[in-house]
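Chemist: Here you go, data.pdb (PDB, C-alpha atoms):
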MODEL        1
ATOM      1  CA  MET A   9     -55.369   5.719   8.379
ATOM      2  CA  THR A  10     -51.821   6.892   7.717
ATOM      3  CA  ALA A  11     -49.646   6.849  10.795
ATOM      4  CA  ALA A  12     -48.406  10.254  11.938
ATOM      5  CA  PRO A  13     -44.672  10.797  11.316
ATOM      6  CA  ARG A  14     -42.322  10.357  14.270
ATOM      7  CA  LEU A  15     -41.072  13.876  14.983
ATOM      8  CA  SER A  16     -37.980  15.076  16.783
ATOM      9  CA  LEU A  17     -38.329  17.665  19.554
ATOM     10  CA  ASP A  18     -34.872  18.994  18.628
ATOM     11  CA  GLU A  19     -36.035  19.596  15.059
ATOM     12  CA  ILE A  20     -39.244  21.307  16.202
ATOM     13  CA  ASP A  21     -37.395  23.452  18.743
ATOM     14  CA  THR A  22     -34.863  24.461  16.085
ATOM     15  CA  PHE A  23     -37.612  25.340  13.610
ATOM     16  CA  LEU A  24     -39.310  27.521  16.276
ATOM     17  CA  ALA A  25     -35.988  29.295  16.870
ATOM     18  CA  VAL A  26     -35.741  30.015  13.118
ATOM     19  CA  ALA A  27     -39.328  31.317  13.129
ATOM     20  CA  ARG A  28     -38.526  33.676  16.041
ATOM     21  CA  ALA A  29     -35.176  34.878  14.693
ATOM     22  CA  GLY A  30     -36.176  35.085  11.032
ATOM     23  CA  SER A  31     -32.894  33.510   9.922
ATOM     24  CA  PHE A  32     -30.725  30.421  10.311
ATOM     25  CA  VAL A  33     -27.898  32.564  11.705
ATOM     26  CA  GLY A  34     -30.119  34.101  14.385
ATOM     27  CA  ALA A  35     -31.468  30.678  15.324
ATOM     28  CA  ALA A  36     -27.915  29.344  15.566
ATOM     29  CA  ARG A  37     -27.028  32.126  18.021
ATOM     30  CA  GLU A  38     -30.122  31.395  20.081
ATOM     31  CA  THR A  39     -29.731  27.611  20.242
ATOM     32  CA  GLY A  40     -25.941  27.419  20.295
ATOM     33  CA  ALA A  41     -25.956  25.019  17.336
ATOM     34  CA  PRO A  42     -23.961  25.550  14.111
ATOM     35  CA  VAL A  43     -25.839  27.123  11.204
ATOM     36  CA  SER A  44     -25.391  23.912   9.204
ATOM     37  CA  THR A  45     -27.075  21.927  11.991
ATOM     38  CA  VAL A  46     -29.981  24.378  12.143
ATOM     39  CA  SER A  47     -30.514  24.119   8.376
ATOM     40  CA  ARG A  48     -30.239  20.321   8.453
ATOM     41  CA  ARG A  49     -32.768  19.941  11.274
ATOM     42  CA  VAL A  50     -35.353  22.151   9.563
ATOM     43  CA  ALA A  51     -34.910  20.307   6.273
ATOM     44  CA  ALA A  52     -35.314  16.969   8.089
ATOM     45  CA  LEU A  53     -38.494  18.224   9.761
ATOM     46  CA  GLU A  54     -39.925  19.280   6.395
ATOM     47  CA  ARG A  55     -39.167  15.821   4.956
ATOM     48  CA  ARG A  56     -40.890  14.102   7.877
ATOM     49  CA  LEU A  57     -43.978  16.305   7.543
ATOM     50  CA  GLY A  58     -44.004  16.299   3.753
ATOM     51  CA  VAL A  59     -44.652  20.059   3.637
ATOM     52  CA  GLN A  60     -42.559  23.188   3.077
ATOM     53  CA  LEU A  61     -42.327  25.264   6.238
ATOM     54  CA  LEU A  62     -39.951  27.966   4.982
ATOM     55  CA  LYS A  63     -39.629  29.989   1.799
ATOM     56  CA  ARG A  64     -35.907  30.364   1.142
ATOM     57  CA  SER A  65     -34.097  32.833  -1.102
ATOM     58  CA  THR A  66     -30.591  34.262  -1.242
ATOM     59  CA  ARG A  67     -31.770  37.397   0.558
ATOM     60  CA  ALA A  68     -34.650  36.421   2.814
ATOM     61  CA  LEU A  69     -36.269  33.660   4.805
ATOM     62  CA  ALA A  70     -40.007  33.575   5.486
ATOM     63  CA  LEU A  71     -42.595  31.168   6.842
ATOM     64  CA  THR A  72     -45.060  29.563   4.454
ATOM     65  CA  SER A  73     -48.724  29.503   5.504
ATOM     66  CA  ASP A  74     -48.188  25.905   6.694
ATOM     67  CA  GLY A  75     -45.081  27.050   8.535
ATOM     68  CA  GLU A  76     -46.967  29.845  10.310
ATOM     69  CA  ALA A  77     -49.733  27.488  11.426
ATOM     70  CA  PHE A  78     -47.224  24.850  12.559
ATOM     71  CA  ALA A  79     -45.158  27.447  14.478
ATOM     72  CA  ASP A  80     -48.246  28.807  16.266
ATOM     73  CA  ARG A  81     -49.456  25.413  17.446
ATOM     74  CA  CYS A  82     -46.042  23.945  18.232
ATOM     75  CA  GLY A  83     -44.923  27.106  20.013
ATOM     76  CA  ALA A  84     -47.809  26.757  22.456
ATOM     77  CA  ALA A  85     -47.117  23.030  22.875
ATOM     78  CA  MET A  86     -43.393  23.586  23.518
ATOM     79  CA  SER A  87     -44.214  26.228  26.116
ATOM     80  CA  GLU A  88     -46.406  23.680  27.893
ATOM     81  CA  ILE A  89     -43.610  21.094  27.797
ATOM     82  CA  GLN A  90     -41.080  23.590  29.184
ATOM     83  CA  ALA A  91     -43.519  24.651  31.910
ATOM     84  CA  SER A  92     -44.024  21.004  32.886
ATOM     85  CA  VAL A  93     -40.268  20.436  33.084
ATOM     86  CA  SER A  94     -39.831  23.581  35.177
ATOM     87  CA  ALA A  95     -42.614  22.475  37.516
ATOM     88  CA  LEU A  96     -40.818  19.172  38.102
ATOM     89  CA  GLN A  97     -37.504  20.945  38.654
ATOM     90  CA  ASP A  98     -39.113  23.317  41.129
ATOM     91  CA  ARG A  99     -39.826  20.344  43.364
ATOM     92  CA  ALA A 100     -36.112  19.617  43.662
ATOM     93  CA  PRO A 101     -34.786  20.377  47.183
ATOM     94  CA  GLU A 102     -31.948  22.613  45.973
ATOM     95  CA  LEU A 103     -31.054  24.871  43.110
ATOM     96  CA  ARG A 104     -27.809  23.644  41.659
ATOM     97  CA  GLY A 105     -25.298  24.189  38.882
ATOM     98  CA  PRO A 106     -23.961  27.369  37.225
ATOM     99  CA  LEU A 107     -25.931  30.594  37.171
ATOM    100  CA  ARG A 108     -24.298  33.262  34.989
ATOM    101  CA  VAL A 109     -25.460  36.794  35.811
ATOM    102  CA  THR A 110     -24.472  40.271  34.612
ATOM    103  CA  ALA A 111     -25.331  43.607  36.215
ATOM    104  CA  PRO A 112     -24.289  47.260  35.893
ATOM    105  CA  GLN A 113     -21.299  48.029  38.088
ATOM    106  CA  TYR A 114     -22.973  50.718  40.201
ATOM    107  CA  ALA A 115     -26.271  48.848  40.577
ATOM    108  CA  CYS A 116     -24.478  45.670  41.565
ATOM    109  CA  ASN A 117     -22.036  47.284  43.972
ATOM    110  CA  ALA A 118     -24.755  49.301  45.666
ATOM    111  CA  GLU A 119     -27.629  46.823  45.634
ATOM    112  CA  PHE A 120     -27.123  43.515  43.892
ATOM    113  CA  GLY A 121     -23.721  42.575  45.253
ATOM    114  CA  PRO A 122     -24.830  41.814  48.829
ATOM    115  CA  LEU A 123     -28.186  40.530  47.567
ATOM    116  CA  LEU A 124     -26.625  38.085  45.103
ATOM    117  CA  LEU A 125     -24.167  36.815  47.672
ATOM    118  CA  ASP A 126     -27.033  36.315  50.129
ATOM    119  CA  PHE A 127     -28.976  34.411  47.470
ATOM    120  CA  ALA A 128     -25.959  32.214  46.672
ATOM    121  CA  SER A 129     -25.355  31.494  50.368
ATOM    122  CA  ARG A 130     -28.897  30.117  50.640
ATOM    123  CA  HIS A 131     -28.218  27.676  47.794
ATOM    124  CA  PRO A 132     -24.792  26.123  48.395
ATOM    125  CA  LEU A 133     -25.082  23.827  45.351
ATOM    126  CA  LEU A 134     -25.459  26.867  43.104
ATOM    127  CA  GLU A 135     -22.369  28.147  41.250
ATOM    128  CA  LEU A 136     -22.807  31.913  40.927
ATOM    129  CA  ASP A 137     -20.822  33.519  38.105
ATOM    130  CA  LEU A 138     -21.310  37.291  38.406
ATOM    131  CA  ARG A 139     -19.946  39.634  35.748
ATOM    132  CA  LEU A 140     -20.106  43.402  36.272
ATOM    133  CA  THR A 141     -20.349  45.481  33.114
ATOM    134  CA  ASN A 142     -21.563  48.903  32.067
ATOM    135  CA  GLY A 143     -21.990  47.594  28.528
ATOM    136  CA  THR A 144     -24.731  45.491  26.970
ATOM    137  CA  PRO A 145     -23.717  41.826  26.793
ATOM    138  CA  ASP A 146     -25.175  39.436  24.232
ATOM    139  CA  LEU A 147     -26.963  36.922  26.446
ATOM    140  CA  ILE A 148     -26.890  34.186  23.825
ATOM    141  CA  ASP A 149     -23.365  34.644  22.474
ATOM    142  CA  ASP A 150     -21.951  35.208  25.979
ATOM    143  CA  ASN A 151     -23.983  32.345  27.476
ATOM    144  CA  ILE A 152     -25.630  34.541  30.132
ATOM    145  CA  ASP A 153     -28.598  33.188  32.097
ATOM    146  CA  LEU A 154     -29.804  36.501  33.515
ATOM    147  CA  ALA A 155     -28.870  40.156  33.016
ATOM    148  CA  PHE A 156     -29.948  43.126  35.107
ATOM    149  CA  GLN A 157     -30.193  46.075  32.695
ATOM    150  CA  LEU A 158     -31.252  49.703  32.956
ATOM    151  CA  THR A 159     -33.303  51.340  30.220
ATOM    152  CA  PRO A 160     -32.901  51.890  27.342
ATOM    153  CA  LEU A 161     -32.867  48.151  26.723
ATOM    154  CA  PRO A 162     -31.107  46.383  23.833
ATOM    155  CA  ASP A 163     -33.111  44.950  20.916
ATOM    156  CA  GLY A 164     -36.132  42.799  21.618
ATOM    157  CA  ARG A 165     -34.401  39.417  21.246
ATOM    158  CA  HIS A 166     -34.615  38.773  24.989
ATOM    159  CA  VAL A 167     -37.470  38.383  27.459
ATOM    160  CA  ALA A 168     -37.613  41.459  29.730
ATOM    161  CA  LYS A 169     -39.250  41.619  33.163
ATOM    162  CA  ARG A 170     -39.564  45.033  34.791
ATOM    163  CA  LEU A 171     -38.248  45.143  38.357
ATOM    164  CA  TRP A 172     -38.329  48.710  39.704
ATOM    165  CA  THR A 173     -37.589  52.367  39.025
ATOM    166  CA  ILE A 174     -34.316  54.193  39.777
ATOM    167  CA  ALA A 175     -34.633  57.955  40.241
ATOM    168  CA  TYR A 176     -31.993  60.299  38.796
ATOM    169  CA  VAL A 177     -30.913  63.765  39.899
ATOM    170  CA  LEU A 178     -29.116  66.705  38.290
ATOM    171  CA  CYS A 179     -26.429  67.849  40.683
ATOM    172  CA  ALA A 180     -23.193  69.815  41.139
ATOM    173  CA  SER A 181     -20.693  70.698  43.824
ATOM    174  CA  PRO A 182     -21.108  74.011  45.722
ATOM    175  CA  ALA A 183     -17.655  75.030  44.448
ATOM    176  CA  LEU A 184     -18.727  74.681  40.799
ATOM    177  CA  ILE A 185     -22.035  76.457  41.434
ATOM    178  CA  ASN A 186     -20.228  79.366  43.084
ATOM    179  CA  ARG A 187     -17.543  79.520  40.391
ATOM    180  CA  LEU A 188     -20.064  79.624  37.511
ATOM    181  CA  GLY A 189     -22.767  81.500  39.411
ATOM    182  CA  ILE A 190     -25.337  78.976  38.196
ATOM    183  CA  GLY A 191     -27.585  77.167  40.682
ATOM    184  CA  ARG A 192     -30.578  76.529  38.426
ATOM    185  CA  PHE A 193     -31.521  76.442  34.741
ATOM    186  CA  GLU A 194     -34.518  77.654  32.756
ATOM    187  CA  HIS A 195     -34.281  74.837  30.194
ATOM    188  CA  PRO A 196     -32.284  71.576  29.846
ATOM    189  CA  ARG A 197     -30.627  72.900  26.663
ATOM    190  CA  GLU A 198     -28.656  75.357  28.827
ATOM    191  CA  LEU A 199     -26.611  72.377  30.051
ATOM    192  CA  LYS A 200     -24.870  72.378  26.667
ATOM    193  CA  SER A 201     -23.058  75.583  27.658
ATOM    194  CA  VAL A 202     -21.581  74.378  30.975
ATOM    195  CA  PRO A 203     -19.040  71.672  31.863
ATOM    196  CA  CYS A 204     -20.638  68.296  32.584
ATOM    197  CA  VAL A 205     -19.561  64.866  33.781
ATOM    198  CA  TRP A 206     -20.587  62.074  31.428
ATOM    199  CA  THR A 207     -20.930  58.486  32.615
ATOM    200  CA  PRO A 208     -21.201  56.223  29.526
ATOM    201  CA  PRO A 209     -23.143  54.239  28.452
ATOM    202  CA  ILE A 210     -25.546  57.013  29.531
ATOM    203  CA  ASN A 211     -24.830  59.285  26.563
ATOM    204  CA  THR A 212     -28.003  61.364  26.763
ATOM    205  CA  TRP A 213     -29.666  63.075  29.705
ATOM    206  CA  ARG A 214     -33.437  62.680  29.644
ATOM    207  CA  PHE A 215     -35.879  65.153  31.166
ATOM    208  CA  GLU A 216     -39.668  65.349  31.327
ATOM    209  CA  HIS A 217     -42.071  68.288  31.627
ATOM    210  CA  PRO A 218     -45.789  68.103  32.550
ATOM    211  CA  THR A 219     -46.849  69.956  29.375
ATOM    212  CA  SER A 220     -43.826  69.862  27.042
ATOM    213  CA  GLY A 221     -43.287  66.099  27.298
ATOM    214  CA  GLU A 222     -39.893  64.415  27.150
ATOM    215  CA  LEU A 223     -36.555  65.790  26.004
ATOM    216  CA  SER A 224     -33.148  64.145  25.543
ATOM    217  CA  ILE A 225     -29.969  66.200  25.331
ATOM    218  CA  SER A 226     -26.272  65.502  24.888
ATOM    219  CA  PRO A 227     -24.529  67.938  27.222
ATOM    220  CA  ARG A 228     -21.074  69.428  26.884
ATOM    221  CA  THR A 229     -18.296  67.090  28.032
ATOM    222  CA  SER A 230     -15.486  69.431  29.023
ATOM    223  CA  GLY A 231     -15.730  68.344  32.647
ATOM    224  CA  ALA A 232     -14.970  64.606  32.642
ATOM    225  CA  ARG A 233     -15.972  61.383  30.921
ATOM    226  CA  VAL A 234     -15.801  58.205  33.025
ATOM    227  CA  ASP A 235     -17.567  54.899  32.434
ATOM    228  CA  ASP A 236     -18.174  54.233  36.130
ATOM    229  CA  LEU A 237     -20.910  55.945  38.137
ATOM    230  CA  GLY A 238     -18.894  55.820  41.351
ATOM    231  CA  LEU A 239     -16.022  57.696  39.722
ATOM    232  CA  GLY A 240     -18.563  59.997  38.090
ATOM    233  CA  LEU A 241     -19.769  60.917  41.578
ATOM    234  CA  HIS A 242     -16.192  61.724  42.631
ATOM    235  CA  ALA A 243     -15.776  63.874  39.501
ATOM    236  CA  VAL A 244     -18.881  65.875  40.453
ATOM    237  CA  LEU A 245     -17.661  66.180  44.064
ATOM    238  CA  ALA A 246     -14.356  67.502  42.714
ATOM    239  CA  GLY A 247     -16.230  70.277  40.875
ATOM    240  CA  LEU A 248     -15.393  69.053  37.363
ATOM    241  CA  GLY A 249     -18.922  69.482  36.061
ATOM    242  CA  PHE A 250     -22.657  69.026  36.502
ATOM    243  CA  GLY A 251     -23.708  65.407  36.950
ATOM    244  CA  TYR A 252     -26.745  63.304  36.026
ATOM    245  CA  LEU A 253     -26.617  60.472  38.551
ATOM    246  CA  PRO A 254     -28.850  57.979  40.410
ATOM    247  CA  ARG A 255     -30.352  59.653  43.459
ATOM    248  CA  GLY A 256     -29.418  56.715  45.650
ATOM    249  CA  LEU A 257     -25.771  57.215  44.728
ATOM    250  CA  VAL A 258     -25.606  60.908  45.663
ATOM    251  CA  GLU A 259     -28.152  61.018  48.506
ATOM    252  CA  ALA A 260     -25.559  60.792  51.276
ATOM    253  CA  HIS A 261     -23.734  63.834  49.811
ATOM    254  CA  LEU A 262     -26.742  66.084  49.136
ATOM    255  CA  GLY A 263     -26.620  69.312  51.086
ATOM    256  CA  ALA A 264     -22.903  69.041  51.812
ATOM    257  CA  GLY A 265     -20.598  67.960  49.015
ATOM    258  CA  ILE A 266     -23.320  68.044  46.360
ATOM    259  CA  ARG A 267     -26.366  70.185  45.705
ATOM    260  CA  GLU A 268     -29.387  69.255  43.636
ATOM    261  CA  VAL A 269     -29.778  71.550  40.637
ATOM    262  CA  THR A 270     -33.252  72.384  39.364
ATOM    263  CA  VAL A 271     -34.423  73.035  35.806
ATOM    264  CA  GLU A 272     -37.565  75.182  35.673
ATOM    265  CA  GLY A 273     -40.543  72.846  35.231
ATOM    266  CA  TRP A 274     -38.363  69.907  34.125
ATOM    267  CA  ARG A 275     -37.162  66.903  36.075
ATOM    268  CA  PRO A 276     -34.691  64.132  35.270
ATOM    269  CA  MET A 277     -36.485  61.051  34.006
ATOM    270  CA  PRO A 278     -36.106  57.890  36.071
ATOM    271  CA  ARG A 279     -34.686  54.758  34.484
ATOM    272  CA  GLU A 280     -36.331  51.361  34.749
ATOM    273  CA  LEU A 281     -34.406  48.320  35.913
ATOM    274  CA  TYR A 282     -35.228  45.082  34.083
ATOM    275  CA  ALA A 283     -34.267  41.445  34.325
ATOM    276  CA  LEU A 284     -33.445  39.995  30.887
ATOM    277  CA  TYR A 285     -33.073  36.349  29.948
ATOM    278  CA  PRO A 286     -32.801  34.490  26.625
ATOM    279  CA  PRO A 287     -36.146  33.357  25.170
ATOM    280  CA  SER A 288     -34.823  29.873  24.395
ATOM    281  CA  ARG A 289     -34.341  29.184  28.103
ATOM    282  CA  GLN A 290     -37.774  30.420  29.159
ATOM    283  CA  LEU A 291     -37.780  31.152  32.891
ATOM    284  CA  SER A 292     -35.585  28.477  34.466
ATOM    285  CA  PRO A 293     -36.062  27.695  38.181
ATOM    286  CA  LYS A 294     -32.714  29.306  39.034
ATOM    287  CA  VAL A 295     -33.493  32.498  37.130
ATOM    288  CA  ARG A 296     -37.037  32.683  38.489
ATOM    289  CA  ALA A 297     -35.800  32.127  42.040
ATOM    290  CA  LEU A 298     -33.238  34.934  41.768
ATOM    291  CA  ILE A 299     -35.754  37.387  40.258
ATOM    292  CA  ASP A 300     -38.294  36.578  42.989
ATOM    293  CA  PHE A 301     -35.591  36.941  45.650
ATOM    294  CA  ALA A 302     -34.547  40.345  44.282
ATOM    295  CA  LEU A 303     -38.150  41.615  44.187
ATOM    296  CA  ALA A 304     -38.800  40.398  47.736
ATOM    297  CA  ALA A 305     -35.592  42.025  49.007
ATOM    298  CA  ARG A 306     -36.493  45.297  47.295
ATOM    299  CA  ALA A 307     -39.995  45.233  48.787
ATOM    300  CA  ALA A 308     -38.524  44.679  52.250
ATOM    301  CA  HIS A 309     -36.002  47.531  51.825
ATOM    302  CA  PRO A 310     -37.495  50.033  49.331
TER
ENDMDL
END
How does this structure look as structure tokens?

Modeler:
Amino acid sequence: MTAAPRLSLDEIDTFLAVARAGSFVGAARETGAPVSTVSRRVAALERRLGVQLLKRSTRALALTSDGEAFADRCGAAMSEIQASVSALQDRAPELRGPLRVTAPQYACNAEFGPLLLDFASRHPLLELDLRLTNGTPDLIDDNIDLAFQLTPLPDGRHVAKRLWTIAYVLCASPALINRLGIGRFEHPRELKSVPCVWTPPINTWRFEHPTSGELSISPRTSGARVDDLGLGLHAVLAGLGFGYLPRGLVEAHLGAGIREVTVEGWRPMPRELYALYPPSRQLSPKVRALIDFALAARAAHP
């Protein structure tokens, strides 16, 4: 009987990254290895196995039938190996080392800031690196372990775990309502004819209707455009325009400095909050612990 070839886990893991990404460049981003190293490892794996795993051309890269079968079986095996390693790490007395996290500025300031600091204080060997951003970071290129992101999510390169829903409200200051004589709308499209406060990256306002379904609009921006929800709230309070903001952000001002504005039969669509992490890292003990901590804290204080 011919002895089975001695295989390298690095080569197999790199090949699986190529299979997921569909290219050497994408696999290089995922693994952090140079493209030349990715190509070399896959070629070495093919030599050891004596089969062609990839069909290469100047324009495309595809799995052969042997490559598809090998990726399916090895992918399951690698998941088992990673789960076994995680199980051993979970038995360690303390979480330790760097944990790089990003979160939207408003969500973090209002909810995650105190929560993350509480989590870090419970694990003194953990090195929390928190980066607040309203943009969409590249978890692999920016070496991020975990990102809290509101929908719509970026492309499907990352693993996404739904956390909870954040309600939104259409609102305006009493001064603006009195000045324009508008306290309600018949249809969301009417918002295109009034001054509004935009808070990028939310560039469309989404509404839903029980019979008409969903509708996204891009309102007029003559009021103000600020890429921070907290400042967006102040712009609405100042009467610069109608706002489309998280209910939790404006709740303390409703009835006084801000009024909720209705649209006949329509309501602002909530946005979902997700935890995203790179697929190559699976669910590390540190990331899993923080996600579980956030869900437990939310359940205790809904």

Chemist: Could you name the residues that touch Leu171 (chain A) at 9 Å or less, counting only C-alpha atoms, but leaving out those on the same chain fewer than 5 positions away, as a VMD selection string?

Modeler: chain A and resid 280 to 283 299 302 to 303

Chemist: I'd like the residues picked by the PyMOL selection byres ((chain A and resi 250-267) around 8) written out as a ChimeraX atom specification, using the chain letters and numbers from the file.

Modeler: /A:174-182,202-206,213,231,237-238,240-241,244-245,247-249,268-269

Chemist: Do you have the CA of Pro286 (chain A)-CA of Ala35 (chain A) distance handy?

Modeler: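 So the answer is 12.0 Å.
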
Chemist: Enumerate, as a PyMOL selection string, the residues matched when the PyMOL selection byres ((chain A and resi 42-55) around 6) is run on the file above.

Modeler: chain A and resi 19+23+32-33+36+41+56-60

Chemist: Would you mind exporting C-alpha atoms of the selected residues as a compact mmCIF listing (two decimals), keeping the file's coordinate frame?

Modeler:
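As written to disk, result.txt reads:
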# COMPACT_ATOMS: atom_id res chain seq x y z
CA GLU A 19 -36.03 19.60 15.06
CA PHE A 23 -37.61 25.34 13.61
CA PHE A 32 -30.72 30.42 10.31
CA VAL A 33 -27.90 32.56 11.70
CA ALA A 36 -27.92 29.34 15.57
CA ALA A 41 -25.96 25.02 17.34
CA ARG A 56 -40.89 14.10 7.88
CA LEU A 57 -43.98 16.30 7.54
CA GLY A 58 -44.00 16.30 3.75
CA VAL A 59 -44.65 20.06 3.64
CA GLN A 60 -42.56 23.19 3.08

Chemist: What is the CA of Gly121 (chain A)-CA of Glu135 (chain A) distance in Å, reported with one decimal?

Modeler: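 Spanning CA of Gly121 (chain A) to CA of Glu135 (chain A) is a straight-line distance of 15.0 Å.
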
Chemist: For CA of Thr212 (chain A) and CA of Ala168 (chain A), quote the distance in Å rounded to one decimal.

Modeler: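 Between CA of Thr212 (chain A) and CA of Ala168 (chain A) the gap works out to 22.3 Å.
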
Chemist: Nearest to Leu24 (chain A) among A:Gly40, A:Pro287, A:Gly105, A:Gly83, with distances taken over all atoms listed in the file: which residue is it?

Modeler: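 With all atoms listed in the file as the atom set, the closest residue is A:Gly83.
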